[in-house]
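Chemist: File name structure.pdb; file contents PDB, C-alpha atoms, pLDDT in the B column; full text below.
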ATOM      1  CA  MET A  11      -5.615  22.951  15.794  1.00 34.00           C
ATOM      2  CA  SER A  12      -2.035  23.912  15.105  1.00 36.00           C
ATOM      3  CA  GLU A  13      -0.628  23.548  11.589  1.00 39.00           C
ATOM      4  CA  GLU A  14       2.076  21.184  12.906  1.00 41.00           C
ATOM      5  CA  ILE A  15      -0.500  18.800  14.392  1.00 37.00           C
ATOM      6  CA  LYS A  16      -2.621  18.958  11.238  1.00 39.00           C
ATOM      7  CA  ASN A  17       0.388  18.120   9.061  1.00 42.00           C
ATOM      8  CA  SER A  18       1.518  15.253  11.303  1.00 44.00           C
ATOM      9  CA  ARG A  19      -1.766  13.404  10.851  1.00 44.00           C
ATOM     10  CA  PRO A  20      -1.668  10.748   8.159  1.00 47.00           C
ATOM     11  CA  LYS A  21      -3.939  11.401   5.213  1.00 57.00           C
ATOM     12  CA  HIS A  22      -4.791   7.709   4.907  1.00 71.00           C
ATOM     13  CA  HIS A  23      -6.101   5.383   7.549  1.00 89.00           C
ATOM     14  CA  PRO A  24      -4.943   1.768   7.265  1.00 96.00           C
ATOM     15  CA  ARG A  25      -7.541  -0.909   6.738  1.00 96.00           C
ATOM     16  CA  LEU A  26      -7.318  -4.655   7.184  1.00 96.00           C
ATOM     17  CA  MET A  27      -5.857  -6.459   4.175  1.00 97.00           C
ATOM     18  CA  THR A  28      -8.216  -9.011   2.662  1.00 96.00           C
ATOM     19  CA  ALA A  29      -7.607 -12.075   0.494  1.00 96.00           C
ATOM     20  CA  THR A  30      -8.946 -10.265  -2.571  1.00 96.00           C
ATOM     21  CA  ALA A  31      -6.890 -10.018  -5.745  1.00 95.00           C
ATOM     22  CA  ALA A  32      -6.904  -6.211  -5.490  1.00 95.00           C
ATOM     23  CA  ASP A  33      -5.342  -6.203  -2.016  1.00 97.00           C
ATOM     24  CA  LEU A  34      -2.867  -9.041  -2.582  1.00 97.00           C
ATOM     25  CA  GLU A  35      -1.734  -7.975  -6.052  1.00 97.00           C
ATOM     26  CA  GLY A  36      -1.570  -4.332  -4.953  1.00 97.00           C
ATOM     27  CA  ALA A  37       0.636  -5.203  -1.967  1.00 97.00           C
ATOM     28  CA  ALA A  38       2.773  -7.495  -4.181  1.00 97.00           C
ATOM     29  CA  ALA A  39       3.285  -4.669  -6.689  1.00 97.00           C
ATOM     30  CA  LEU A  40       4.395  -2.398  -3.849  1.00 97.00           C
ATOM     31  CA  GLU A  41       6.755  -5.153  -2.610  1.00 96.00           C
ATOM     32  CA  LYS A  42       8.390  -5.272  -6.071  1.00 96.00           C
ATOM     33  CA  LEU A  43       8.830  -1.510  -6.029  1.00 96.00           C
ATOM     34  CA  CYS A  44      10.333  -1.382  -2.530  1.00 95.00           C
ATOM     35  CA  PHE A  45      12.305  -4.588  -1.966  1.00 92.00           C
ATOM     36  CA  HIS A  46      15.021  -6.597  -3.728  1.00 88.00           C
ATOM     37  CA  GLN A  47      13.388  -9.879  -2.717  1.00 89.00           C
ATOM     38  CA  PRO A  48       9.660  -9.149  -2.774  1.00 94.00           C
ATOM     39  CA  TRP A  49       6.925 -11.367  -1.422  1.00 95.00           C
ATOM     40  CA  SER A  50       4.491 -12.693  -4.044  1.00 96.00           C
ATOM     41  CA  ALA A  51       0.727 -12.219  -3.870  1.00 96.00           C
ATOM     42  CA  THR A  52       0.496 -15.919  -2.940  1.00 95.00           C
ATOM     43  CA  SER A  53       2.920 -15.440  -0.024  1.00 95.00           C
ATOM     44  CA  LEU A  54       1.124 -12.285   1.108  1.00 96.00           C
ATOM     45  CA  GLU A  55      -2.086 -14.290   1.404  1.00 96.00           C
ATOM     46  CA  LEU A  56      -0.702 -15.659   4.710  1.00 94.00           C
ATOM     47  CA  LEU A  57      -1.251 -12.184   6.142  1.00 95.00           C
ATOM     48  CA  THR A  58      -5.003 -12.576   5.662  1.00 95.00           C
ATOM     49  CA  ARG A  59      -5.388 -15.859   7.545  1.00 94.00           C
ATOM     50  CA  GLU A  60      -6.796 -15.456  11.034  1.00 89.00           C
ATOM     51  CA  GLY A  61      -4.448 -16.802  13.664  1.00 88.00           C
ATOM     52  CA  ILE A  62      -1.494 -16.839  11.243  1.00 95.00           C
ATOM     53  CA  GLY A  63      -1.019 -13.271  10.149  1.00 96.00           C
ATOM     54  CA  VAL A  64      -2.494  -9.866   9.590  1.00 97.00           C
ATOM     55  CA  GLY A  65      -1.885  -7.084   7.133  1.00 97.00           C
ATOM     56  CA  TYR A  66      -2.933  -3.457   6.971  1.00 98.00           C
ATOM     57  CA  LEU A  67      -2.819  -1.248   3.936  1.00 96.00           C
ATOM     58  CA  CYS A  68      -3.519   2.260   2.726  1.00 96.00           C
ATOM     59  CA  THR A  69      -4.930   2.896  -0.718  1.00 94.00           C
ATOM     60  CA  GLU A  70      -5.296   5.890  -2.963  1.00 91.00           C
ATOM     61  CA  ALA A  71      -7.264   5.807  -6.208  1.00 87.00           C
ATOM     62  CA  SER A  72      -7.491   1.994  -5.972  1.00 87.00           C
ATOM     63  CA  SER A  73      -3.709   1.626  -5.628  1.00 93.00           C
ATOM     64  CA  VAL A  74      -1.950   0.287  -2.553  1.00 96.00           C
ATOM     65  CA  VAL A  75       0.393   3.067  -1.411  1.00 96.00           C
ATOM     66  CA  ALA A  76       1.442   1.547   1.928  1.00 97.00           C
ATOM     67  CA  TYR A  77       1.129  -1.750   3.675  1.00 97.00           C
ATOM     68  CA  GLY A  78       2.523  -3.737   6.559  1.00 97.00           C
ATOM     69  CA  GLY A  79       2.268  -7.319   7.632  1.00 98.00           C
ATOM     70  CA  MET A  80       2.759  -9.325  10.788  1.00 98.00           C
ATOM     71  CA  LEU A  81       2.903 -13.066  11.344  1.00 98.00           C
ATOM     72  CA  ILE A  82       1.571 -14.319  14.682  1.00 97.00           C
ATOM     73  CA  ALA A  83       2.865 -17.315  16.646  1.00 95.00           C
ATOM     74  CA  VAL A  84       1.272 -18.023  20.021  1.00 93.00           C
ATOM     75  CA  ASP A  85       1.672 -14.662  21.821  1.00 95.00           C
ATOM     76  CA  GLU A  86       4.321 -13.058  19.625  1.00 98.00           C
ATOM     77  CA  GLY A  87       4.099 -10.957  16.493  1.00 98.00           C
ATOM     78  CA  GLN A  88       6.800 -10.760  13.813  1.00 98.00           C
ATOM     79  CA  ILE A  89       6.528  -7.783  11.486  1.00 98.00           C
ATOM     80  CA  THR A  90       7.372  -9.051   8.021  1.00 96.00           C
ATOM     81  CA  ASN A  91       7.535  -5.858   5.977  1.00 95.00           C
ATOM     82  CA  ILE A  92       6.459  -2.255   6.047  1.00 97.00           C
ATOM     83  CA  ALA A  93       6.367  -0.698   2.585  1.00 97.00           C
ATOM     84  CA  VAL A  94       5.470   2.804   1.457  1.00 97.00           C
ATOM     85  CA  HIS A  95       5.384   3.847  -2.201  1.00 97.00           C
ATOM     86  CA  PRO A  96       8.320   6.215  -2.873  1.00 96.00           C
ATOM     87  CA  ASP A  97       5.928   8.955  -4.050  1.00 95.00           C
ATOM     88  CA  HIS A  98       4.066   8.803  -0.732  1.00 95.00           C
ATOM     89  CA  ARG A  99       6.922   8.720   1.761  1.00 93.00           C
ATOM     90  CA  GLY A 100       7.155  11.363   4.451  1.00 92.00           C
ATOM     91  CA  GLN A 101       3.369  11.557   4.872  1.00 93.00           C
ATOM     92  CA  GLY A 102       3.054   9.392   7.983  1.00 93.00           C
ATOM     93  CA  LEU A 103       1.776   6.305   6.181  1.00 96.00           C
ATOM     94  CA  GLY A 104       4.476   3.984   7.542  1.00 96.00           C
ATOM     95  CA  LEU A 105       3.763   5.225  11.051  1.00 96.00           C
ATOM     96  CA  SER A 106       0.013   4.660  10.581  1.00 96.00           C
ATOM     97  CA  VAL A 107       0.549   1.110   9.362  1.00 97.00           C
ATOM     98  CA  VAL A 108       2.924   0.275  12.245  1.00 97.00           C
ATOM     99  CA  GLN A 109       0.461   1.750  14.738  1.00 97.00           C
ATOM    100  CA  ALA A 110      -2.358  -0.352  13.232  1.00 97.00           C
ATOM    101  CA  LEU A 111      -0.233  -3.495  13.653  1.00 98.00           C
ATOM    102  CA  ILE A 112       0.569  -2.572  17.261  1.00 98.00           C
ATOM    103  CA  LYS A 113      -3.107  -1.911  18.003  1.00 97.00           C
ATOM    104  CA  HIS A 114      -3.983  -5.292  16.502  1.00 97.00           C
ATOM    105  CA  ALA A 115      -1.262  -7.002  18.565  1.00 97.00           C
ATOM    106  CA  LYS A 116      -2.592  -5.415  21.751  1.00 97.00           C
ATOM    107  CA  ALA A 117      -6.152  -6.483  20.915  1.00 96.00           C
ATOM    108  CA  GLU A 118      -4.863 -10.037  20.401  1.00 95.00           C
ATOM    109  CA  ARG A 119      -3.018  -9.797  23.756  1.00 97.00           C
ATOM    110  CA  LEU A 120       0.375 -10.504  22.225  1.00 97.00           C
ATOM    111  CA  ALA A 121       3.321 -10.233  24.614  1.00 98.00           C
ATOM    112  CA  SER A 122       5.715  -8.681  22.100  1.00 98.00           C
ATOM    113  CA  ILE A 123       6.416  -7.772  18.487  1.00 98.00           C
ATOM    114  CA  THR A 124       9.788  -8.240  16.820  1.00 98.00           C
ATOM    115  CA  LEU A 125      11.184  -7.236  13.443  1.00 98.00           C
ATOM    116  CA  GLU A 126      14.392  -7.098  11.445  1.00 97.00           C
ATOM    117  CA  VAL A 127      15.539  -3.941   9.680  1.00 97.00           C
ATOM    118  CA  ARG A 128      18.590  -3.154   7.546  1.00 96.00           C
ATOM    119  CA  VAL A 129      21.208  -1.334   9.626  1.00 97.00           C
ATOM    120  CA  SER A 130      21.359   1.338   6.889  1.00 97.00           C
ATOM    121  CA  ASN A 131      17.599   2.015   6.929  1.00 96.00           C
ATOM    122  CA  THR A 132      17.786   4.955   9.320  1.00 96.00           C
ATOM    123  CA  PRO A 133      14.279   6.314   8.545  1.00 95.00           C
ATOM    124  CA  ALA A 134      12.699   2.949   9.434  1.00 96.00           C
ATOM    125  CA  ILE A 135      14.845   2.567  12.556  1.00 98.00           C
ATOM    126  CA  ALA A 136      13.786   6.055  13.692  1.00 97.00           C
ATOM    127  CA  LEU A 137      10.115   5.204  13.082  1.00 96.00           C
ATOM    128  CA  TYR A 138      10.367   1.961  15.061  1.00 98.00           C
ATOM    129  CA  ARG A 139      12.126   3.718  17.942  1.00 98.00           C
ATOM    130  CA  LYS A 140       9.449   6.425  17.897  1.00 97.00           C
ATOM    131  CA  VAL A 141       6.759   3.838  18.682  1.00 97.00           C
ATOM    132  CA  GLY A 142       8.816   2.080  21.357  1.00 98.00           C
ATOM    133  CA  PHE A 143      10.862  -0.640  19.650  1.00 98.00           C
ATOM    134  CA  VAL A 144      14.352  -1.201  21.060  1.00 98.00           C
ATOM    135  CA  GLU A 145      17.345  -2.969  19.546  1.00 98.00           C
ATOM    136  CA  VAL A 146      17.820  -6.442  21.027  1.00 98.00           C
ATOM    137  CA  GLY A 147      20.300  -8.009  18.622  1.00 98.00           C
ATOM    138  CA  ARG A 148      21.869  -8.174  15.203  1.00 98.00           C
ATOM    139  CA  ARG A 149      21.833 -10.773  12.426  1.00 97.00           C
ATOM    140  CA  LYS A 150      25.120 -10.728  10.502  1.00 97.00           C
ATOM    141  CA  GLY A 151      24.705 -10.785   6.710  1.00 95.00           C
ATOM    142  CA  PHE A 152      20.925 -11.273   6.998  1.00 95.00           C
ATOM    143  CA  TYR A 153      20.092  -9.235   3.894  1.00 93.00           C
ATOM    144  CA  THR A 154      21.379  -9.710   0.367  1.00 91.00           C
ATOM    145  CA  LYS A 155      21.482  -7.430  -2.680  1.00 86.00           C
ATOM    146  CA  PRO A 156      23.456  -5.859  -1.018  1.00 91.00           C
ATOM    147  CA  THR A 157      24.658  -8.033   1.858  1.00 95.00           C
ATOM    148  CA  GLU A 158      23.961  -6.237   5.086  1.00 96.00           C
ATOM    149  CA  ASP A 159      23.336  -6.878   8.764  1.00 97.00           C
ATOM    150  CA  ALA A 160      19.871  -6.646  10.258  1.00 97.00           C
ATOM    151  CA  LEU A 161      19.028  -5.045  13.559  1.00 98.00           C
ATOM    152  CA  ILE A 162      16.579  -7.108  15.563  1.00 98.00           C
ATOM    153  CA  MET A 163      14.120  -4.809  17.307  1.00 98.00           C
ATOM    154  CA  GLU A 164      11.427  -5.644  19.832  1.00 98.00           C
ATOM    155  CA  LEU A 165       8.416  -3.951  21.367  1.00 98.00           C
ATOM    156  CA  LYS A 166       7.259  -5.488  24.657  1.00 98.00           C
ATOM    157  CA  LEU A 167       3.502  -5.241  25.079  1.00 97.00           C
ATOM    158  CA  LYS A 168       3.181  -7.033  28.440  1.00 88.00           C
TER     159      LYS A 168
END
Could you express the structure from this file as structure tokens?

Modeler:
Amino acid sequence: MSEEIKNSRPKHHPRLMTATAADLEGAAALEKLCFHQPWSATSLELLTREGIGVGYLCTEASSVVAYGGMLIAVDEGQITNIAVHPDHRGQGLGLSVVQALIKHAKAERLASITLEVRVSNTPAIALYRKVGFVEVGRRKGFYTKPTEDALIMELKLK
């Protein structure tokens, strides 16, 4: 196996988020570290309810180092957040989490997945494009702290 292929493989494999305090509080702590308006552990619990949402996370030494969530409505998924601890970025964890959400969406026979992303978040935009998302719109002033537009991106699955 080539060194490039070896290095492109994520060192963590995402697992399904559960409604345990460890998972929810760990993801909430990561939210606080990564976002200006973080979700609480109580809000994140929605991502563990079958038919409502799903979350995947990566852990290291009992700490959540990456996670992603998706709400589900009928046959559509809406990615809520993808977060990777700053000390663990560039290791493929975000990609692994997004791929786990896509795999889940396909297994649930969803027609599409959408998400919003800050227009300035070029690493995230590149990751989403890499897995097939395309820009379908823009929400003016969607984000605050600082105020910024959001790109709306979509991945058609059917």

Chemist: So which residues get picked by the PyMOL selection byres ((chain A and resi 29-45) around 12) here, written as an NGL selection string?

Modeler: :A and (25-28 or 46-60 or 63-79 or 90-99 or 128 or 153-156)

Chemist: Quick check on the file I pasted: which residues fall under the PyMOL selection byres ((chain A and resi 167) around 10)? Write them as a ChimeraX atom specification.

Modeler: /A:86,112,115-116,119-123,142,164-166,168

Chemist: Counting only C-alpha atoms, figure out which residue out of A:Gly151, A:Lys140, A:His23, A:Ile62 gets nearest to Ala110 in chain A.

Modeler: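 Looking at the shortest contact to Ala110 in chain A, the residue is A:His23.
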
Chemist: Would you mind listing what lies within 7 Å of Val127 in chain A as a list in words, with all atoms listed in the file counted and same-chain residues fewer than 5 positions away left out?

Modeler: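 Within the cut-off, the hits are Ala160, Leu161 and Ile162 of chain A.
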
Chemist: Which value, in Å to one decimal, gives the distance between CA of Asp159 in chain A and CA of Gly147 in chain A?

Modeler: 10.4 Å

Chemist: In Å, with one decimal, what is the gap from CA of Leu137 in chain A to CA of Gln109 in chain A?

Modeler: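 We find that CA of Leu137 in chain A and CA of Gln109 in chain A lie 10.4 Å from each other.
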
Chemist: Could you check which of A:Glu118, A:Leu125, A:Gly102, A:Gln88 is closest to Gly61 in chain A, using all atoms listed in the file?

Modeler: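 The answer is A:Glu118, which sits nearest to Gly61 in chain A.
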
Chemist: Between CA of Leu81 in chain A and CA of Val107 in chain A, what distance in Å does the model show, to one decimal?

Modeler: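 Interatomic distance, CA of Leu81 in chain A to CA of Val107 in chain A: 14.5 Å.
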
Chemist: Name the closest residue to Ile82 in chain A among the candidates A:Gly100, A:Ser130, A:Leu111, A:Leu105; distances are taken between atoms, counting only C-alpha atoms.

Modeler: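 The answer is A:Leu111, which sits nearest to Ile82 in chain A.
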